[in-house]
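Student: What follows is my_file_20.cif, made up of mmCIF, C-alpha atoms:
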data_input
loop_
_atom_site.label_atom_id
_atom_site.label_comp_id
_atom_site.auth_asym_id
_atom_site.auth_seq_id
_atom_site.Cartn_x
_atom_site.Cartn_y
_atom_site.Cartn_z
CA ASP A 1 -22.98 -9.53 63.40
CA LYS A 2 -21.08 -12.39 61.82
CA ASN A 3 -19.77 -11.94 58.34
CA SER A 4 -18.97 -14.47 55.60
CA TYR A 5 -15.45 -14.89 56.97
CA ASP A 6 -16.87 -16.30 60.23
CA LEU A 7 -19.28 -18.54 58.39
CA ILE A 8 -16.99 -20.07 55.78
CA GLY A 9 -13.59 -20.22 57.44
CA LEU A 10 -10.05 -18.94 57.39
CA GLY A 11 -9.32 -19.89 53.78
CA LEU A 12 -11.60 -17.30 52.22
CA GLU A 13 -9.74 -14.31 50.78
CA LYS A 14 -10.64 -10.79 51.87
CA SER A 15 -12.06 -9.72 48.52
CA ALA A 16 -14.35 -12.77 48.51
CA ILE A 17 -15.52 -11.99 52.05
CA GLU A 18 -16.40 -8.44 51.06
CA HIS A 19 -18.25 -9.68 47.98
CA LEU A 20 -20.37 -12.17 49.95
CA ASP A 21 -21.13 -9.56 52.64
CA THR A 22 -22.27 -7.13 49.93
CA LEU A 23 -24.64 -9.76 48.55
CA SER A 24 -25.97 -10.46 52.07
CA LYS A 25 -26.67 -6.77 52.69
CA GLN A 26 -28.30 -6.48 49.28
CA ALA A 27 -30.73 -9.27 50.18
CA ILE A 28 -31.50 -7.64 53.56
CA ASN A 29 -32.00 -4.13 52.17
CA SER A 30 -34.21 -5.27 49.30
CA ASP A 31 -36.04 -7.86 51.43
CA LYS A 32 -35.72 -10.31 48.54
CA PRO A 33 -33.95 -13.67 48.36
CA TYR A 34 -30.98 -13.97 46.00
CA PHE A 35 -29.57 -17.13 44.47
CA TYR A 36 -26.23 -17.42 42.68
CA THR A 37 -24.73 -20.38 40.83
CA LYS A 38 -21.08 -21.10 40.11
CA MET A 39 -19.74 -18.04 41.94
CA GLU A 40 -16.01 -17.87 41.34
CA LEU A 41 -14.04 -17.26 44.55
CA PHE A 42 -10.60 -18.11 45.89
CA PHE A 43 -9.85 -20.30 48.91
CA TYR A 44 -6.21 -20.57 49.93
CA GLY A 45 -5.28 -19.14 46.54
CA LYS A 46 -7.21 -21.82 44.60
CA LYS A 47 -10.13 -21.07 42.33
CA THR A 48 -13.35 -22.35 43.88
CA TYR A 49 -16.94 -22.36 42.67
CA LEU A 50 -19.90 -21.93 45.02
CA ASN A 51 -23.67 -22.04 44.72
CA ALA A 52 -24.91 -19.46 47.21
CA SER A 53 -28.30 -18.34 48.50
CA PHE A 54 -29.19 -15.30 50.64
CA ILE A 55 -32.67 -15.42 52.17
CA PRO A 56 -33.98 -12.65 54.49
CA LEU A 57 -35.49 -13.79 57.83
CA HIS A 58 -38.56 -12.04 59.26
CA ASN A 59 -40.13 -11.64 62.69
CA ALA A 60 -43.85 -11.89 63.43
CA GLU A 61 -44.40 -8.32 62.28
CA GLY A 62 -42.74 -9.02 58.92
CA ASP A 63 -39.60 -7.02 59.61
CA VAL A 64 -36.24 -8.32 58.41
CA VAL A 65 -34.28 -9.49 61.43
CA GLY A 66 -31.54 -11.56 59.81
CA ILE A 67 -30.26 -13.38 56.79
CA LEU A 68 -29.96 -17.08 56.04
CA CYS A 69 -26.88 -17.73 53.92
CA SER A 70 -26.08 -21.13 52.48
CA TYR A 71 -23.10 -22.16 50.37
CA GLU A 72 -22.44 -25.29 48.34
CA ASN A 73 -18.98 -26.04 47.01
CA VAL A 74 -19.54 -27.17 43.40
CA THR A 75 -15.92 -26.94 42.28
CA ARG A 76 -15.68 -30.64 41.45
CA LYS A 77 -18.92 -30.52 39.46
CA VAL A 78 -17.78 -27.46 37.49
CA LYS A 79 -14.38 -28.97 36.73
CA ALA A 80 -15.99 -32.28 35.72
CA GLU A 81 -18.27 -30.37 33.36
CA GLU A 82 -15.32 -28.47 31.89
CA GLU A 83 -13.41 -31.73 31.41
CA ARG A 84 -16.47 -33.28 29.75
CA LYS A 85 -16.73 -30.36 27.33
CA GLN A 86 -13.01 -30.61 26.55
CA LEU A 87 -13.42 -34.33 25.92
CA GLU A 88 -16.32 -33.64 23.55
CA ILE A 89 -14.20 -31.11 21.66
CA HIS A 90 -11.35 -33.61 21.51
CA LEU A 91 -13.66 -36.35 20.20
CA MET A 92 -15.06 -34.01 17.56
CA HIS A 93 -11.52 -33.08 16.53
CA THR A 94 -10.56 -36.75 16.41
CA GLY A 95 -13.56 -37.42 14.19
CA ARG A 96 -12.53 -34.65 11.80
CA LEU A 97 -8.98 -36.00 11.71
CA THR A 98 -10.31 -39.48 10.94
CA ALA A 99 -12.41 -38.09 8.09
CA MET A 100 -9.44 -36.12 6.77
CA GLY A 101 -7.30 -39.27 6.98
CA GLU A 102 -9.82 -41.19 4.91
CA MET A 103 -9.96 -38.36 2.37
CA ALA A 104 -6.18 -38.21 2.21
CA ALA A 105 -5.98 -41.95 1.63
CA GLY A 106 -8.53 -41.69 -1.17
CA ILE A 107 -6.70 -38.80 -2.80
CA ALA A 108 -3.38 -40.60 -2.49
CA HIS A 109 -4.88 -43.71 -4.10
CA GLU A 110 -6.27 -41.65 -7.00
CA MET A 111 -2.89 -39.95 -7.53
CA ASN A 112 -1.00 -43.24 -7.76
CA GLN A 113 -2.35 -44.07 -11.22
CA PRO A 114 -1.39 -40.81 -12.98
CA LEU A 115 1.96 -40.87 -11.19
CA ALA A 116 2.58 -44.39 -12.48
CA ILE A 117 1.87 -43.19 -16.02
CA ILE A 118 4.14 -40.17 -15.60
CA ASN A 119 6.85 -42.40 -14.12
CA SER A 120 6.63 -44.78 -17.11
CA ALA A 121 6.92 -41.83 -19.50
CA SER A 122 9.84 -40.50 -17.47
CA ASP A 123 11.69 -43.84 -17.81
CA GLY A 124 11.19 -43.69 -21.56
CA LEU A 125 12.43 -40.11 -21.62
CA LEU A 126 15.54 -41.07 -19.67
CA ASN A 127 16.37 -43.78 -22.18
CA TYR A 128 15.59 -41.49 -25.12
CA LEU A 129 17.80 -38.66 -23.83
CA LYS A 130 20.62 -40.89 -22.59
CA GLY A 131 23.97 -39.47 -23.66
CA THR A 132 22.51 -36.00 -24.38
CA GLU A 133 22.74 -32.68 -22.52
CA ARG A 134 19.09 -32.95 -21.47
CA HIS A 135 19.52 -36.31 -19.73
CA GLN A 136 20.25 -34.62 -16.40
CA SER A 137 17.00 -32.63 -16.60
CA ALA A 138 15.06 -35.83 -17.30
CA LYS A 139 16.82 -37.44 -14.33
CA ARG A 140 15.67 -34.62 -12.04
CA ILE A 141 12.09 -35.16 -13.24
CA ALA A 142 12.35 -38.87 -12.41
CA GLU A 143 13.73 -38.05 -8.94
CA GLN A 144 10.81 -35.71 -8.18
CA ILE A 145 8.32 -38.34 -9.35
CA ALA A 146 9.98 -40.87 -7.02
CA ARG A 147 9.77 -38.31 -4.20
CA ALA A 148 6.05 -37.71 -4.82
CA THR A 149 5.41 -41.45 -4.93
CA SER A 150 7.27 -41.92 -1.65
CA ILE A 151 5.24 -39.17 0.06
CA ILE A 152 1.97 -40.73 -1.12
CA ASP A 153 3.08 -44.19 0.05
CA ASN A 154 3.98 -42.74 3.45
CA MET A 155 0.60 -41.02 3.67
CA CYS A 156 -1.26 -44.23 2.87
CA SER A 157 0.78 -46.12 5.46
CA PHE A 158 0.18 -43.44 8.09
CA VAL A 159 -3.62 -43.36 7.77
CA ARG A 160 -4.04 -47.14 7.46
CA VAL A 161 -6.26 -48.39 10.29
CA ASP A 162 -5.09 -52.00 10.48
CA HIS A 163 -1.68 -52.01 12.14
CA GLY A 164 0.92 -54.55 11.19
CA PRO A 165 2.38 -57.05 13.64
CA VAL A 166 4.99 -56.05 16.18
CA LYS A 167 8.37 -56.93 14.73
CA GLU A 168 12.05 -56.15 15.09
CA ILE A 169 12.93 -53.02 13.11
CA ASN A 170 15.49 -50.28 12.93
CA LEU A 171 13.76 -47.27 14.50
CA LYS A 172 15.49 -44.94 12.04
CA LYS A 173 13.12 -46.04 9.27
CA PRO A 174 9.79 -44.95 10.87
CA ILE A 175 11.50 -41.79 12.15
CA GLU A 176 12.70 -40.88 8.66
CA LEU A 177 9.27 -41.69 7.19
CA ALA A 178 7.60 -39.40 9.74
CA LEU A 179 10.10 -36.61 9.10
CA SER A 180 9.37 -36.78 5.37
CA PHE A 181 6.03 -35.11 6.12
CA PHE A 182 7.76 -32.11 7.69
CA ASN A 183 10.78 -31.29 5.51
CA GLU A 184 8.90 -28.85 3.30
CA GLN A 185 6.73 -27.54 6.16
CA PHE A 186 9.78 -26.72 8.25
CA ARG A 187 11.43 -24.98 5.30
CA ILE A 188 8.33 -22.80 4.77
CA HIS A 189 8.05 -22.03 8.50
CA GLY A 190 11.76 -21.22 8.77
CA ILE A 191 12.38 -23.98 11.31
CA LEU A 192 15.89 -25.39 11.66
CA LEU A 193 15.75 -29.20 11.90
CA ILE A 194 18.75 -30.84 13.58
CA LEU A 195 19.07 -34.63 13.22
CA ASP A 196 21.30 -36.77 15.40
CA LEU A 197 20.51 -40.38 14.52
CA ALA A 198 23.11 -42.96 15.55
CA GLU A 199 24.54 -44.91 12.62
CA TYR A 200 24.48 -48.30 14.33
CA ILE A 201 21.59 -49.12 16.65
CA PRO A 202 20.07 -52.44 17.77
CA LEU A 203 16.76 -53.63 16.38
CA VAL A 204 13.68 -53.02 18.54
CA GLU A 205 10.34 -54.86 18.70
CA VAL A 206 7.67 -52.29 17.91
CA ASP A 207 4.64 -51.60 15.71
CA PRO A 208 6.25 -49.39 13.02
CA GLN A 209 3.04 -47.52 12.16
CA LYS A 210 2.18 -46.69 15.76
CA PHE A 211 5.71 -45.47 16.43
CA GLU A 212 5.61 -43.35 13.26
CA GLN A 213 2.35 -41.78 14.45
CA ILE A 214 3.97 -40.94 17.80
CA VAL A 215 6.83 -39.20 15.99
CA VAL A 216 4.39 -37.24 13.80
CA ASN A 217 2.40 -36.08 16.84
CA LEU A 218 5.55 -34.95 18.64
CA MET A 219 6.75 -33.08 15.55
CA ILE A 220 3.39 -31.32 15.23
CA ASN A 221 3.65 -30.23 18.86
CA ALA A 222 7.22 -29.03 18.37
CA ARG A 223 6.29 -27.03 15.26
CA TYR A 224 3.39 -25.39 17.11
CA SER A 225 5.62 -24.57 20.09
CA VAL A 226 8.30 -22.77 18.06
CA ASP A 227 5.73 -20.97 15.89
CA GLN A 228 4.04 -19.62 19.03
CA LYS A 229 7.39 -18.56 20.52
CA ALA A 230 8.21 -16.68 17.30
CA LYS A 231 5.16 -14.46 17.85
CA ILE A 232 6.60 -13.04 21.08
CA ALA A 233 10.37 -13.45 20.58
CA ASP A 234 12.74 -10.87 19.12
CA LYS A 235 13.78 -10.90 15.47
CA ASP A 236 16.99 -12.86 16.20
CA TYR A 237 15.06 -15.90 17.43
CA GLN A 238 15.76 -19.04 15.37
CA LYS A 239 13.04 -21.68 15.52
CA THR A 240 14.81 -24.99 16.14
CA VAL A 241 13.68 -28.60 16.49
CA SER A 242 16.15 -31.38 17.32
CA VAL A 243 15.56 -35.10 16.76
CA SER A 244 17.91 -37.56 18.43
CA LEU A 245 18.16 -41.37 18.53
CA GLN A 246 21.07 -42.80 20.50
CA CYS A 247 22.04 -45.85 22.57
CA ASN A 248 22.50 -45.39 26.29
CA ASN A 249 25.92 -45.82 27.88
CA SER A 250 25.43 -49.54 28.54
CA ASN A 251 24.07 -50.16 24.99
CA ASP A 252 21.01 -51.98 26.34
CA ALA A 253 18.40 -49.29 25.58
CA LEU A 254 17.62 -46.63 22.99
CA ILE A 255 16.96 -43.00 23.83
CA PHE A 256 14.69 -41.13 21.41
CA LYS A 257 14.20 -37.40 21.95
CA ILE A 258 12.47 -34.53 20.16
CA GLU A 259 13.38 -31.15 21.61
CA ASP A 260 12.48 -27.59 20.62
CA ASN A 261 13.21 -24.07 21.81
CA GLY A 262 9.55 -23.03 21.78
CA ILE A 263 7.13 -21.82 24.43
CA GLY A 264 7.18 -25.02 26.48
CA MET A 265 4.19 -26.37 28.41
CA LYS A 266 2.12 -24.82 31.17
CA GLN A 267 2.16 -26.47 34.60
CA ASN A 268 -1.37 -27.86 34.29
CA VAL A 269 -0.37 -29.53 31.01
CA LEU A 270 2.82 -30.95 32.51
CA GLU A 271 0.79 -32.51 35.33
CA ARG A 272 -1.16 -34.56 32.77
CA CYS A 273 2.00 -35.87 31.11
CA LEU A 274 3.47 -39.24 32.02
#
Show me the file's structure as structure tokens.
Tutor:
Amino acid sequence: DKNSYDLIGLGLEKSAIEHLDTLSKQAINSDKPYFYTKMELFFYGKKTYLNASFIPLHNAEGDVVGILCSYENVTRKVKAEEERKQLEIHLMHTGRLTAMGEMAAGIAHEMNQPLAIINSASDGLLNYLKGTERHQSAKRIAEQIARATSIIDNMCSFVRVDHGPVKEINLKKPIELALSFFNEQFRIHGILLILDLAEYIPLVEVDPQKFEQIVVNLMINARYSVDQKAKIADKDYQKTVSVSLQCNNSNDALIFKIEDNGIGMKQNVLERCL
């Protein structure tokens, strides 16, 4: 006359008890064994996975006189499998990003030559139109060529595999290089970018490329967060990302922050953060 509550313990929720008892009665009434894998139940409010078996017991005459129930907690195995699958997905994504980086570097390299030709022609045009009304238009062309060249140089630097040596630098430079990838994206997405970079800051020993990659990753996360919030927020919501670099009060450390007013992170994600 014992039910699953007696067999498993106090932590099993009522709905789970009723479900297991139903399966036990089903095995008895049908006189057939039943086996279940990765049954999802809740113990003390936590999701738990069980492998369960329900085997009818018979007397000498062949009548069902009881039920043998066995349970195996496979929660750790299931979670390990889920983590393995997530890792595989992450590795596949990393591989695609690596391939895209190599493609981007190749495209950037191919674009450098025509840009150099255009830039040379632009210099000649500037000299030719000097002192005329059209000189300003030629100057704007030269500025846009310089901007395109700078973006390509930044892209090549970002995807380069071999990192440079750690050296003393002004952190504003890699931050500004990273932000150059997002100026147009943020404009298109309607994201307000607020910069608060201290004018005078001490030099810091760091790998510039690695730090730039960190900034890019954080900016991607911030953009995603505000874009997701915009899907559920009211029409007055202003997507905002703030980037700050300041000295602490004792001027012996730098504080770099990227903040957004997006959806934030779920608790399980926060637990994996440093």
Student: Give me, as CSV, the closest atom pair and its distance (Å, one decimal) for every residue of segment 20-110 of chain A within a cut-off of 12 Å of segment 114-127 of chain A, counting all atoms listed in the file, rows sorted by chain and rising number.
Tutor:
residue,atom,partner,partner_atom,distance
A:Ile107,CA,A:Pro114,CA,11.7
A:Ala108,CA,A:Leu115,CA,10.2
A:His109,CA,A:Pro114,CA,10.0
A:Glu110,CA,A:Pro114,CA,7.8
Student: Which residues, named as in the file, does the PyMOL selection byres ((chain A and resi 246-252) around 9) pick out? Answer as a ChimeraX atom specification.
Tutor: /A:196-202,244-245,253-257
Student: Which of these, A:Arg187, A:Ile175, A:Gly262, A:Ser225, has the shortest distance to Val243 of chain A once you count only C-alpha atoms?
Tutor: A:Ile175
Student: Using the chain letters and numbers from the file, which residues does the PyMOL selection byres ((chain A and resi 214) around 12) grab, as an NGL selection string?
Tutor: :A and (158 or 174-175 or 177-179 or 206-213 or 215-221 or 256-258)
Student: Restricting the calculation to only C-alpha atoms, which member of A:Phe186, A:Phe42, A:Tyr224, A:Tyr237 is positioned closest to His19 of chain A?
Tutor: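 Among A:Phe186, A:Phe42, A:Tyr224, A:Tyr237, it is A:Phe42 that comes nearest to His19 of chain A.
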Student: Give me the result of the PyMOL selection byres ((chain A and resi 26-31) around 9) on this file, residue by residue, as a VMD selection string.
Tutor: chain A and resid 21 to 25 32 to 34 54 to 57 63 to 67
Student: Write to file, as a CSV table (one decimal), in the coordinates of the input, the residues of the selection just made, with C-alpha atoms.
Tutor:
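out36.csv written:
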chain,number,residue,atom,x,y,z
A,21,ASP,CA,-21.1,-9.6,52.6
A,22,THR,CA,-22.3,-7.1,49.9
A,23,LEU,CA,-24.6,-9.8,48.6
A,24,SER,CA,-26.0,-10.5,52.1
A,25,LYS,CA,-26.7,-6.8,52.7
A,32,LYS,CA,-35.7,-10.3,48.5
A,33,PRO,CA,-34.0,-13.7,48.4
A,34,TYR,CA,-31.0,-14.0,46.0
A,54,PHE,CA,-29.2,-15.3,50.6
A,55,ILE,CA,-32.7,-15.4,52.2
A,56,PRO,CA,-34.0,-12.6,54.5
A,57,LEU,CA,-35.5,-13.8,57.8
A,63,ASP,CA,-39.6,-7.0,59.6
A,64,VAL,CA,-36.2,-8.3,58.4
A,65,VAL,CA,-34.3,-9.5,61.4
A,66,GLY,CA,-31.5,-11.6,59.8
A,67,ILE,CA,-30.3,-13.4,56.8
Student: Please report the interatomic distance between atom CA of Thr94 of chain A and atom CA of Leu270 of chain A in Å with one decimal.
Tutor: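 Pair atom CA of Thr94 of chain A / atom CA of Leu270 of chain A returns 21.7 Å.
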Student: When you look at Val226 of chain A with a cut-off of 9 Å (counting all atoms listed in the file), what residues show up, excluding the ones that are within fewer than 3 positions of it in the same chain? I need them as an MDAnalysis selection string.
Tutor: chainID A and resid 191 221:223 229:231 238:241 260:264
Student: Which centre and which edge lengths, in Å to one decimal, describe the axis-aligned box that holds all listed atoms of segment 108-126 of chain A after 8 Å is added on each side, as lines of an AutoDock Vina configuration file?
Tutor:
center_x = 4.6
center_y = -42.4
center_z = -12.1
size_x = 37.8
size_y = 20.8
size_z = 35.1
Student: Rounded to one decimal in Å, what is the spacing between atom CA of Lys79 of chain A and atom CA of Gly45 of chain A?
Tutor: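 Atom CA of Gly45 of chain A lies 16.6 Å from atom CA of Lys79 of chain A.
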Student: Quick one: distance from atom CA of Gly95 of chain A to atom CA of Ile152 of chain A in Å, one decimal?
Tutor: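 Answer for the atom CA of Gly95 of chain A to atom CA of Ile152 of chain A separation: 22.1 Å.
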Student: Which residue, A:Leu50, A:Asp227, A:Ser15, A:Met155, has the smallest gap to Gln185 of chain A when you use all atoms listed in the file?
Tutor: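 Once distances to Gln185 of chain A are computed over all atoms listed in the file, the minimum belongs to A:Asp227.
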Student: May I have the protein, DNA and RNA residues with any atom at most 12 Å from the point (-15.6, -16.7, 43.4), counting only C-alpha atoms, written as an MDAnalysis selection string?
Tutor: chainID A and resid 12:20 36:43 45:52 71 73:75
Student: Please save C-alpha atoms of the selected residues as an mmCIF file, keeping the file's coordinate frame.
Tutor:
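The new file selection.cif reads:
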data_model
loop_
_atom_site.group_PDB
_atom_site.id
_atom_site.type_symbol
_atom_site.label_atom_id
_atom_site.label_comp_id
_atom_site.auth_asym_id
_atom_site.auth_seq_id
_atom_site.Cartn_x
_atom_site.Cartn_y
_atom_site.Cartn_z
ATOM 1 C CA LEU A 12 -11.600 -17.300 52.220
ATOM 2 C CA GLU A 13 -9.740 -14.310 50.780
ATOM 3 C CA LYS A 14 -10.640 -10.790 51.870
ATOM 4 C CA SER A 15 -12.060 -9.720 48.520
ATOM 5 C CA ALA A 16 -14.350 -12.770 48.510
ATOM 6 C CA ILE A 17 -15.520 -11.990 52.050
ATOM 7 C CA GLU A 18 -16.400 -8.440 51.060
ATOM 8 C CA HIS A 19 -18.250 -9.680 47.980
ATOM 9 C CA LEU A 20 -20.370 -12.170 49.950
ATOM 10 C CA TYR A 36 -26.230 -17.420 42.680
ATOM 11 C CA THR A 37 -24.730 -20.380 40.830
ATOM 12 C CA LYS A 38 -21.080 -21.100 40.110
ATOM 13 C CA MET A 39 -19.740 -18.040 41.940
ATOM 14 C CA GLU A 40 -16.010 -17.870 41.340
ATOM 15 C CA LEU A 41 -14.040 -17.260 44.550
ATOM 16 C CA PHE A 42 -10.600 -18.110 45.890
ATOM 17 C CA PHE A 43 -9.850 -20.300 48.910
ATOM 18 C CA GLY A 45 -5.280 -19.140 46.540
ATOM 19 C CA LYS A 46 -7.210 -21.820 44.600
ATOM 20 C CA LYS A 47 -10.130 -21.070 42.330
ATOM 21 C CA THR A 48 -13.350 -22.350 43.880
ATOM 22 C CA TYR A 49 -16.940 -22.360 42.670
ATOM 23 C CA LEU A 50 -19.900 -21.930 45.020
ATOM 24 C CA ASN A 51 -23.670 -22.040 44.720
ATOM 25 C CA ALA A 52 -24.910 -19.460 47.210
ATOM 26 C CA TYR A 71 -23.100 -22.160 50.370
ATOM 27 C CA ASN A 73 -18.980 -26.040 47.010
ATOM 28 C CA VAL A 74 -19.540 -27.170 43.400
ATOM 29 C CA THR A 75 -15.920 -26.940 42.280
#
Student: Excluding Ser150 of chain A and its own-chain neighbours fewer than 4 positions away, which residues fall within 12 Å of it when counting only C-alpha atoms? Please give them as a PDB file with C-alpha atoms, in the coordinates of the input.
Tutor:
ATOM      1  CA  ALA A 108      -3.380 -40.600  -2.490  1.00  0.00           C
ATOM      2  CA  MET A 111      -2.890 -39.950  -7.530  1.00  0.00           C
ATOM      3  CA  ASN A 112      -1.000 -43.240  -7.760  1.00  0.00           C
ATOM      4  CA  LEU A 115       1.960 -40.870 -11.190  1.00  0.00           C
ATOM      5  CA  GLU A 143      13.730 -38.050  -8.940  1.00  0.00           C
ATOM      6  CA  GLN A 144      10.810 -35.710  -8.180  1.00  0.00           C
ATOM      7  CA  ILE A 145       8.320 -38.340  -9.350  1.00  0.00           C
ATOM      8  CA  ALA A 146       9.980 -40.870  -7.020  1.00  0.00           C
ATOM      9  CA  ASN A 154       3.980 -42.740   3.450  1.00  0.00           C
ATOM     10  CA  MET A 155       0.600 -41.020   3.670  1.00  0.00           C
ATOM     11  CA  CYS A 156      -1.260 -44.230   2.870  1.00  0.00           C
ATOM     12  CA  SER A 157       0.780 -46.120   5.460  1.00  0.00           C
ATOM     13  CA  GLU A 176      12.700 -40.880   8.660  1.00  0.00           C
ATOM     14  CA  LEU A 177       9.270 -41.690   7.190  1.00  0.00           C
ATOM     15  CA  ALA A 178       7.600 -39.400   9.740  1.00  0.00           C
ATOM     16  CA  SER A 180       9.370 -36.780   5.370  1.00  0.00           C
ATOM     17  CA  PHE A 181       6.030 -35.110   6.120  1.00  0.00           C
TER      18      PHE A 181
END
Student: Place all heavy atoms on segment 257-264 of chain A and deliver the coordinates as a PDB file, in the coordinates of the input.
Tutor:
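Dumped to result31.pdb:
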ATOM      1  N   LYS A 257      14.598 -38.696  21.421  1.00  0.00           N
ATOM      2  CA  LYS A 257      14.200 -37.400  21.950  1.00  0.00           C
ATOM      3  C   LYS A 257      13.838 -36.445  20.804  1.00  0.00           C
ATOM      4  O   LYS A 257      14.494 -36.431  19.766  1.00  0.00           O
ATOM      5  CB  LYS A 257      15.321 -36.769  22.776  1.00  0.00           C
ATOM      6  CG  LYS A 257      15.655 -37.507  24.058  1.00  0.00           C
ATOM      7  CD  LYS A 257      16.607 -36.714  24.943  1.00  0.00           C
ATOM      8  CE  LYS A 257      17.967 -36.510  24.292  1.00  0.00           C
ATOM      9  NZ  LYS A 257      18.912 -35.812  25.199  1.00  0.00           N
ATOM     10  N   ILE A 258      12.793 -35.669  21.028  1.00  0.00           N
ATOM     11  CA  ILE A 258      12.470 -34.530  20.160  1.00  0.00           C
ATOM     12  C   ILE A 258      12.417 -33.302  21.056  1.00  0.00           C
ATOM     13  O   ILE A 258      11.628 -33.245  21.998  1.00  0.00           O
ATOM     14  CB  ILE A 258      11.130 -34.727  19.426  1.00  0.00           C
ATOM     15  CG1 ILE A 258      11.220 -35.892  18.442  1.00  0.00           C
ATOM     16  CG2 ILE A 258      10.737 -33.455  18.679  1.00  0.00           C
ATOM     17  CD1 ILE A 258       9.950 -36.149  17.659  1.00  0.00           C
ATOM     18  N   GLU A 259      13.277 -32.350  20.785  1.00  0.00           N
ATOM     19  CA  GLU A 259      13.380 -31.150  21.610  1.00  0.00           C
ATOM     20  C   GLU A 259      13.170 -29.915  20.741  1.00  0.00           C
ATOM     21  O   GLU A 259      13.482 -29.922  19.551  1.00  0.00           O
ATOM     22  CB  GLU A 259      14.745 -31.074  22.294  1.00  0.00           C
ATOM     23  CG  GLU A 259      15.025 -32.251  23.239  1.00  0.00           C
ATOM     24  CD  GLU A 259      16.420 -32.205  23.820  1.00  0.00           C
ATOM     25  OE1 GLU A 259      17.384 -32.203  23.030  1.00  0.00           O
ATOM     26  OE2 GLU A 259      16.545 -32.163  25.051  1.00  0.00           O
ATOM     27  N   ASP A 260      12.639 -28.855  21.353  1.00  0.00           N
ATOM     28  CA  ASP A 260      12.480 -27.590  20.620  1.00  0.00           C
ATOM     29  C   ASP A 260      12.761 -26.428  21.570  1.00  0.00           C
ATOM     30  O   ASP A 260      12.809 -26.607  22.792  1.00  0.00           O
ATOM     31  CB  ASP A 260      11.060 -27.480  20.053  1.00  0.00           C
ATOM     32  CG  ASP A 260       9.986 -27.455  21.134  1.00  0.00           C
ATOM     33  OD1 ASP A 260       9.850 -26.419  21.812  1.00  0.00           O
ATOM     34  OD2 ASP A 260       9.288 -28.465  21.299  1.00  0.00           O
ATOM     35  N   ASN A 261      12.965 -25.271  21.009  1.00  0.00           N
ATOM     36  CA  ASN A 261      13.210 -24.070  21.810  1.00  0.00           C
ATOM     37  C   ASN A 261      11.993 -23.147  21.779  1.00  0.00           C
ATOM     38  O   ASN A 261      12.107 -21.926  21.677  1.00  0.00           O
ATOM     39  CB  ASN A 261      14.460 -23.324  21.328  1.00  0.00           C
ATOM     40  CG  ASN A 261      14.317 -22.824  19.897  1.00  0.00           C
ATOM     41  OD1 ASN A 261      13.451 -23.287  19.143  1.00  0.00           O
ATOM     42  ND2 ASN A 261      15.167 -21.890  19.500  1.00  0.00           N
ATOM     43  N   GLY A 262      10.800 -23.775  21.850  1.00  0.00           N
ATOM     44  CA  GLY A 262       9.550 -23.030  21.780  1.00  0.00           C
ATOM     45  C   GLY A 262       9.051 -22.565  23.131  1.00  0.00           C
ATOM     46  O   GLY A 262       9.827 -22.372  24.078  1.00  0.00           O
ATOM     47  N   ILE A 263       7.732 -22.429  23.243  1.00  0.00           N
ATOM     48  CA  ILE A 263       7.130 -21.820  24.430  1.00  0.00           C
ATOM     49  C   ILE A 263       7.054 -22.770  25.618  1.00  0.00           C
ATOM     50  O   ILE A 263       6.788 -22.348  26.736  1.00  0.00           O
ATOM     51  CB  ILE A 263       5.703 -21.310  24.125  1.00  0.00           C
ATOM     52  CG1 ILE A 263       4.840 -22.443  23.550  1.00  0.00           C
ATOM     53  CG2 ILE A 263       5.745 -20.137  23.162  1.00  0.00           C
ATOM     54  CD1 ILE A 263       3.392 -22.068  23.365  1.00  0.00           C
ATOM     55  N   GLY A 264       7.269 -24.068  25.381  1.00  0.00           N
ATOM     56  CA  GLY A 264       7.180 -25.020  26.480  1.00  0.00           C
ATOM     57  C   GLY A 264       5.734 -25.318  26.845  1.00  0.00           C
ATOM     58  O   GLY A 264       4.804 -24.952  26.123  1.00  0.00           O
TER      59      GLY A 264
END
